[in-house]
$ cat work27.csv   # CSV, C-alpha atoms
chain,number,residue,atom,x,y,z
K,972,MET,CA,0.0,0.0,0.0
K,973,ASP,CA,2.8,2.3,-0.9
K,974,THR,CA,0.5,4.0,-3.5
K,975,VAL,CA,-3.2,4.7,-3.3
K,976,ASP,CA,-5.7,5.3,-6.1
K,977,MET,CA,-7.8,8.4,-5.7
K,978,TYR,CA,-11.0,9.3,-7.4
K,979,GLU,CA,-11.8,13.0,-7.7
K,980,THR,CA,-15.6,13.3,-7.6
K,981,THR,CA,-15.8,16.9,-9.0
K,982,THR,CA,-13.8,16.0,-12.2
K,983,GLY,CA,-14.5,12.3,-12.5
K,984,THR,CA,-10.8,11.5,-12.8
K,985,TRP,CA,-8.5,8.9,-11.2
K,986,SER,CA,-4.9,9.6,-10.0
K,987,LYS,CA,-2.3,7.8,-7.9
K,988,SER,CA,-0.4,9.2,-4.9
K,989,GLY,CA,2.6,7.7,-3.1
K,990,THR,CA,2.4,7.1,0.7
K,991,ASN,CA,5.1,7.2,3.4
K,992,GLY,CA,5.7,6.0,6.9
K,993,PRO,CA,5.5,2.4,7.9
K,994,ILE,CA,3.6,0.8,5.1
K,995,PRO,CA,0.9,-1.8,6.0
K,996,SER,CA,0.8,-5.1,4.1
K,997,SER,CA,-1.5,-5.4,1.1
K,998,ARG,CA,-4.8,-7.0,2.1
K,999,CYS,CA,-8.3,-7.8,1.1
K,1000,GLY,CA,-11.5,-8.2,3.1
K,1001,HIS,CA,-10.7,-5.2,5.3
K,1002,THR,CA,-12.9,-2.3,6.2
K,1003,ALA,CA,-12.0,1.3,5.5
K,1004,LEU,CA,-13.8,4.4,6.8
K,1005,LEU,CA,-13.2,8.1,6.7
K,1006,SER,CA,-12.7,9.4,10.3
K,1007,SER,CA,-15.1,12.0,11.7
K,1008,ASP,CA,-12.4,14.7,11.2
K,1009,GLY,CA,-12.5,14.1,7.5
K,1010,ILE,CA,-8.7,13.7,7.2
K,1011,ASN,CA,-7.9,10.1,8.1
K,1012,VAL,CA,-8.9,6.9,6.5
K,1013,ILE,CA,-9.1,4.1,9.1
K,1014,VAL,CA,-8.3,0.6,7.8
K,1015,PHE,CA,-9.1,-2.4,10.0
K,1016,GLY,CA,-8.7,-6.2,9.6
K,1017,GLY,CA,-8.8,-8.2,6.5
K,1018,THR,CA,-6.6,-11.0,5.0
K,1019,ILE,CA,-2.9,-10.6,4.2
K,1020,LEU,CA,-1.5,-13.0,1.6
K,1021,ASN,CA,0.5,-15.8,3.2
K,1022,ALA,CA,-0.2,-14.4,6.7
K,1023,GLY,CA,-3.9,-15.0,7.1
K,1024,ILE,CA,-6.6,-13.0,8.8
K,1025,THR,CA,-5.6,-10.0,10.8
K,1026,ASN,CA,-7.1,-7.5,13.2
K,1027,GLU,CA,-4.5,-4.8,12.5
K,1028,LEU,CA,-5.5,-1.1,12.8
K,1029,TRP,CA,-4.0,1.5,10.4
K,1030,THR,CA,-4.7,5.1,9.6
K,1031,LEU,CA,-3.8,7.1,6.4
K,1032,ASN,CA,-3.7,10.9,6.7
K,1033,THR,CA,-5.1,12.1,3.4
K,1034,SER,CA,-3.3,15.5,3.8
K,1035,THR,CA,0.2,14.1,4.2
K,1036,PHE,CA,-0.3,10.5,2.9
K,1037,GLN,CA,1.4,9.3,6.0
K,1038,TRP,CA,0.5,5.8,7.3
K,1039,ALA,CA,0.4,5.1,11.0
K,1040,SER,CA,-0.5,2.1,13.3
K,1041,PRO,CA,-1.9,4.1,16.2
K,1042,PRO,CA,-1.9,2.8,19.8
K,1043,PHE,CA,-5.3,2.0,21.3
K,1044,THR,CA,-6.7,0.8,24.6
K,1045,GLY,CA,-9.1,-2.0,25.2
K,1046,TYR,CA,-9.5,-5.1,23.0
K,1047,PRO,CA,-10.0,-4.9,19.3
K,1048,PRO,CA,-12.6,-7.0,17.5
K,1049,SER,CA,-11.3,-10.5,16.7
K,1050,ALA,CA,-9.4,-11.0,13.5
K,1051,GLY,CA,-11.8,-11.4,10.6
K,1052,LEU,CA,-13.2,-10.0,7.3
K,1053,TYR,CA,-15.2,-6.8,7.8
K,1054,GLY,CA,-17.3,-4.4,5.9
K,1055,ALA,CA,-18.7,-1.0,6.7
K,1056,ASN,CA,-20.3,2.0,5.1
K,1057,GLY,CA,-20.3,5.6,6.1
K,1058,LYS,CA,-18.3,7.8,8.4
K,1059,ALA,CA,-16.6,6.7,11.6

$ encode --input "work27.csv" --output "structure tokens"
Amino acid sequence: MDTVDMYETTTGTWSKSGTNGPIPSSRCGHTALLSSDGINVIVFGGTILNAGITNELWTLNTSTFQWASPPFTGYPPSAGLYGANGKA
């Protein structure tokens, strides 16, 4: 996930942007939501090729394209395949 595809809704065009920071492994079956601040995309769970199902949590700052694996408290949901719609 060292590059992301972006869709510009006002022009109907696609583009690519490079990312930086610690790069999460490529995955499928994850969920991704826009945070309530409208800046961060939150990515949770999914399946990583040759590693299996994960419950990793990552954020991508859409202003800087910086990935982070933020600390959190409590217990995350169990590893699995997730889906969601809307805003966090």

$ atom_distance --input "work27.csv" --atom1 "atom CA of Ser1006 of chain K" --atom2 "atom CA of Thr1044 of chain K"
17.7 Å

$ closest_residue --input "work27.csv" --among "K:Ser997, K:Thr980, K:Thr990, K:Ser1007" --to "Asn1032 of chain K" --atoms "only C-alpha atoms"
K:Thr990

$ atom_distance --input "work27.csv" --atom1 "atom CA of Pro1048 of chain K" --atom2 "atom CA of Leu1028 of chain K"
10.4 Å

$ atom_distance --input "work27.csv" --atom1 "atom CA of Gly1045 of chain K" --atom2 "atom CA of Gly1023 of chain K"
22.9 Å

$ residues_near_point --input "work27.csv" --point "(-7.4, 13.8, 5.5)" --cutoff "6 Å" --atoms "all atoms listed in the file" --output "MDAnalysis selection string"
chainID K and resid 1009:1011 1032:1034

$ residues_around --input "work27.csv" --residues "Tyr978 of chain K" --least-positions-apart "5" --cutoff "12 Å" --atoms "only C-alpha atoms" --output "list in words"
Gly983, Thr984, Trp985, Ser986, Lys987 and Ser988 of chain K

$ write_last_selection --input "work27.csv" --atoms "C-alpha atoms" --output "JSON list (two decimals), keeping the file's coordinate frame"
[["chain", "number", "residue", "atom", "x", "y", "z"],
["K", 983, "GLY", "CA", -14.50, 12.30, -12.50],
["K", 984, "THR", "CA", -10.80, 11.50, -12.80],
["K", 985, "TRP", "CA", -8.50, 8.90, -11.20],
["K", 986, "SER", "CA", -4.90, 9.60, -10.00],
["K", 987, "LYS", "CA", -2.30, 7.80, -7.90],
["K", 988, "SER", "CA", -0.40, 9.20, -4.90]]

$ residues_around --input "work27.csv" --residues "Asn991 of chain K" --least-positions-apart "3" --cutoff "12 Å" --atoms "all atoms listed in the file" --output "list in words"
Met972, Asp973, Thr974, Val975, Ser988, Ile994, Pro995, Thr1030, Leu1031, Asn1032, Thr1033, Ser1034, Thr1035, Phe1036, Gln1037, Trp1038 and Ala1039 of chain K

$ write_last_selection --input "work27.csv" --atoms "C-alpha atoms" --output "compact mmCIF listing (two decimals), in the coordinates of the input"
# COMPACT_ATOMS: atom_id res chain seq x y z
CA MET K 972 0.00 0.00 0.00
CA ASP K 973 2.80 2.30 -0.90
CA THR K 974 0.50 4.00 -3.50
CA VAL K 975 -3.20 4.70 -3.30
CA SER K 988 -0.40 9.20 -4.90
CA ILE K 994 3.60 0.80 5.10
CA PRO K 995 0.90 -1.80 6.00
CA THR K 1030 -4.70 5.10 9.60
CA LEU K 1031 -3.80 7.10 6.40
CA ASN K 1032 -3.70 10.90 6.70
CA THR K 1033 -5.10 12.10 3.40
CA SER K 1034 -3.30 15.50 3.80
CA THR K 1035 0.20 14.10 4.20
CA PHE K 1036 -0.30 10.50 2.90
CA GLN K 1037 1.40 9.30 6.00
CA TRP K 1038 0.50 5.80 7.30
CA ALA K 1039 0.40 5.10 11.00

$ residues_around --input "work27.csv" --residues "Cys999 of chain K" --least-positions-apart "2" --cutoff "7 Å" --atoms "only C-alpha atoms" --output "list in words"
His1001, Gly1017, Thr1018 and Ile1019 of chain K

$ decode --input "work27.csv" --residues "segment 984-998 of chain K" --atoms "all heavy atoms" --output "PDB file, in the first residue's frame"
ATOM      1  N   THR K 984     -12.087  12.039 -12.334  1.00  0.00           N
ATOM      2  CA  THR K 984     -10.787  11.514 -12.755  1.00  0.00           C
ATOM      3  C   THR K 984     -10.121  10.704 -11.642  1.00  0.00           C
ATOM      4  O   THR K 984     -10.332  10.956 -10.460  1.00  0.00           O
ATOM      5  CB  THR K 984      -9.833  12.646 -13.171  1.00  0.00           C
ATOM      6  OG1 THR K 984      -9.688  13.565 -12.080  1.00  0.00           O
ATOM      7  CG2 THR K 984     -10.372  13.411 -14.375  1.00  0.00           C
ATOM      8  N   TRP K 985      -9.290   9.755 -12.070  1.00  0.00           N
ATOM      9  CA  TRP K 985      -8.497   8.930 -11.162  1.00  0.00           C
ATOM     10  C   TRP K 985      -7.053   9.384 -11.194  1.00  0.00           C
ATOM     11  O   TRP K 985      -6.554   9.811 -12.234  1.00  0.00           O
ATOM     12  CB  TRP K 985      -8.538   7.462 -11.592  1.00  0.00           C
ATOM     13  CG  TRP K 985      -9.822   6.771 -11.272  1.00  0.00           C
ATOM     14  CD1 TRP K 985     -10.893   6.620 -12.099  1.00  0.00           C
ATOM     15  CD2 TRP K 985     -10.179   6.121 -10.051  1.00  0.00           C
ATOM     16  NE1 TRP K 985     -11.890   5.921 -11.469  1.00  0.00           N
ATOM     17  CE2 TRP K 985     -11.472   5.602 -10.208  1.00  0.00           C
ATOM     18  CE3 TRP K 985      -9.516   5.936  -8.835  1.00  0.00           C
ATOM     19  CZ2 TRP K 985     -12.128   4.894  -9.201  1.00  0.00           C
ATOM     20  CZ3 TRP K 985     -10.165   5.229  -7.841  1.00  0.00           C
ATOM     21  CH2 TRP K 985     -11.457   4.720  -8.014  1.00  0.00           C
ATOM     22  N   SER K 986      -6.374   9.267 -10.049  1.00  0.00           N
ATOM     23  CA  SER K 986      -4.939   9.556  -9.984  1.00  0.00           C
ATOM     24  C   SER K 986      -4.323   8.646  -8.927  1.00  0.00           C
ATOM     25  O   SER K 986      -5.032   7.966  -8.183  1.00  0.00           O
ATOM     26  CB  SER K 986      -4.684  11.022  -9.644  1.00  0.00           C
ATOM     27  OG  SER K 986      -5.207  11.333  -8.354  1.00  0.00           O
ATOM     28  N   LYS K 987      -3.006   8.628  -8.871  1.00  0.00           N
ATOM     29  CA  LYS K 987      -2.273   7.842  -7.874  1.00  0.00           C
ATOM     30  C   LYS K 987      -1.443   8.789  -7.017  1.00  0.00           C
ATOM     31  O   LYS K 987      -0.996   9.819  -7.488  1.00  0.00           O
ATOM     32  CB  LYS K 987      -1.344   6.835  -8.540  1.00  0.00           C
ATOM     33  CG  LYS K 987      -2.063   5.697  -9.220  1.00  0.00           C
ATOM     34  CD  LYS K 987      -1.080   4.637  -9.668  1.00  0.00           C
ATOM     35  CE  LYS K 987      -1.754   3.486 -10.350  1.00  0.00           C
ATOM     36  NZ  LYS K 987      -2.549   2.650  -9.488  1.00  0.00           N
ATOM     37  N   SER K 988      -1.237   8.403  -5.758  1.00  0.00           N
ATOM     38  CA  SER K 988      -0.375   9.164  -4.875  1.00  0.00           C
ATOM     39  C   SER K 988       0.476   8.186  -4.078  1.00  0.00           C
ATOM     40  O   SER K 988      -0.025   7.152  -3.627  1.00  0.00           O
ATOM     41  CB  SER K 988      -1.194  10.029  -3.923  1.00  0.00           C
ATOM     42  OG  SER K 988      -0.331  10.787  -3.093  1.00  0.00           O
ATOM     43  N   GLY K 989       1.752   8.502  -3.921  1.00  0.00           N
ATOM     44  CA  GLY K 989       2.626   7.695  -3.087  1.00  0.00           C
ATOM     45  C   GLY K 989       2.345   7.962  -1.622  1.00  0.00           C
ATOM     46  O   GLY K 989       1.875   9.030  -1.250  1.00  0.00           O
ATOM     47  N   THR K 990       2.605   6.968  -0.778  1.00  0.00           N
ATOM     48  CA  THR K 990       2.420   7.120   0.664  1.00  0.00           C
ATOM     49  C   THR K 990       3.774   6.982   1.345  1.00  0.00           C
ATOM     50  O   THR K 990       4.757   6.572   0.733  1.00  0.00           O
ATOM     51  CB  THR K 990       1.460   6.056   1.220  1.00  0.00           C
ATOM     52  OG1 THR K 990       2.022   4.763   1.015  1.00  0.00           O
ATOM     53  CG2 THR K 990       0.094   6.147   0.553  1.00  0.00           C
ATOM     54  N   ASN K 991       3.828   7.347   2.626  1.00  0.00           N
ATOM     55  CA  ASN K 991       5.078   7.222   3.379  1.00  0.00           C
ATOM     56  C   ASN K 991       4.777   6.752   4.793  1.00  0.00           C
ATOM     57  O   ASN K 991       3.633   6.580   5.162  1.00  0.00           O
ATOM     58  CB  ASN K 991       5.872   8.544   3.357  1.00  0.00           C
ATOM     59  CG  ASN K 991       5.036   9.720   3.808  1.00  0.00           C
ATOM     60  OD1 ASN K 991       4.672   9.810   4.964  1.00  0.00           O
ATOM     61  ND2 ASN K 991       4.706  10.616   2.881  1.00  0.00           N
ATOM     62  N   GLY K 992       5.843   6.557   5.555  1.00  0.00           N
ATOM     63  CA  GLY K 992       5.708   6.014   6.900  1.00  0.00           C
ATOM     64  C   GLY K 992       5.802   4.506   6.850  1.00  0.00           C
ATOM     65  O   GLY K 992       6.120   3.931   5.808  1.00  0.00           O
ATOM     66  N   PRO K 993       5.506   3.838   7.946  1.00  0.00           N
ATOM     67  CA  PRO K 993       5.495   2.378   7.929  1.00  0.00           C
ATOM     68  C   PRO K 993       4.329   1.931   7.036  1.00  0.00           C
ATOM     69  O   PRO K 993       3.206   2.372   7.239  1.00  0.00           O
ATOM     70  CB  PRO K 993       5.278   1.982   9.387  1.00  0.00           C
ATOM     71  CG  PRO K 993       4.640   3.174  10.011  1.00  0.00           C
ATOM     72  CD  PRO K 993       5.136   4.380   9.245  1.00  0.00           C
ATOM     73  N   ILE K 994       4.605   1.136   6.036  1.00  0.00           N
ATOM     74  CA  ILE K 994       3.589   0.757   5.056  1.00  0.00           C
ATOM     75  C   ILE K 994       2.911  -0.551   5.485  1.00  0.00           C
ATOM     76  O   ILE K 994       3.587  -1.555   5.696  1.00  0.00           O
ATOM     77  CB  ILE K 994       4.224   0.569   3.654  1.00  0.00           C
ATOM     78  CG1 ILE K 994       5.042   1.795   3.242  1.00  0.00           C
ATOM     79  CG2 ILE K 994       3.166   0.230   2.613  1.00  0.00           C
ATOM     80  CD1 ILE K 994       4.270   3.049   3.007  1.00  0.00           C
ATOM     81  N   PRO K 995       1.573  -0.559   5.617  1.00  0.00           N
ATOM     82  CA  PRO K 995       0.888  -1.804   5.954  1.00  0.00           C
ATOM     83  C   PRO K 995       0.958  -2.792   4.792  1.00  0.00           C
ATOM     84  O   PRO K 995       1.088  -2.388   3.635  1.00  0.00           O
ATOM     85  CB  PRO K 995      -0.548  -1.366   6.222  1.00  0.00           C
ATOM     86  CG  PRO K 995      -0.699  -0.040   5.592  1.00  0.00           C
ATOM     87  CD  PRO K 995       0.664   0.573   5.505  1.00  0.00           C
ATOM     88  N   SER K 996       0.865  -4.059   5.110  1.00  0.00           N
ATOM     89  CA  SER K 996       0.829  -5.094   4.082  1.00  0.00           C
ATOM     90  C   SER K 996      -0.442  -4.972   3.258  1.00  0.00           C
ATOM     91  O   SER K 996      -1.500  -4.591   3.777  1.00  0.00           O
ATOM     92  CB  SER K 996       0.865  -6.476   4.730  1.00  0.00           C
ATOM     93  OG  SER K 996       2.035  -6.643   5.477  1.00  0.00           O
ATOM     94  N   SER K 997      -0.349  -5.319   1.984  1.00  0.00           N
ATOM     95  CA  SER K 997      -1.543  -5.356   1.132  1.00  0.00           C
ATOM     96  C   SER K 997      -2.513  -6.377   1.709  1.00  0.00           C
ATOM     97  O   SER K 997      -2.105  -7.389   2.279  1.00  0.00           O
ATOM     98  CB  SER K 997      -1.160  -5.741  -0.286  1.00  0.00           C
ATOM     99  OG  SER K 997      -0.366  -4.752  -0.861  1.00  0.00           O
ATOM    100  N   ARG K 998      -3.790  -6.108   1.552  1.00  0.00           N
ATOM    101  CA  ARG K 998      -4.800  -6.975   2.149  1.00  0.00           C
ATOM    102  C   ARG K 998      -6.101  -6.903   1.366  1.00  0.00           C
ATOM    103  O   ARG K 998      -6.316  -5.994   0.574  1.00  0.00           O
ATOM    104  CB  ARG K 998      -5.055  -6.586   3.605  1.00  0.00           C
ATOM    105  CG  ARG K 998      -5.602  -5.176   3.750  1.00  0.00           C
ATOM    106  CD  ARG K 998      -5.472  -4.601   5.145  1.00  0.00           C
ATOM    107  NE  ARG K 998      -4.078  -4.500   5.496  1.00  0.00           N
ATOM    108  CZ  ARG K 998      -3.582  -4.811   6.694  1.00  0.00           C
ATOM    109  NH1 ARG K 998      -4.380  -5.192   7.650  1.00  0.00           N
ATOM    110  NH2 ARG K 998      -2.305  -4.713   6.933  1.00  0.00           N
TER     111      ARG K 998
END
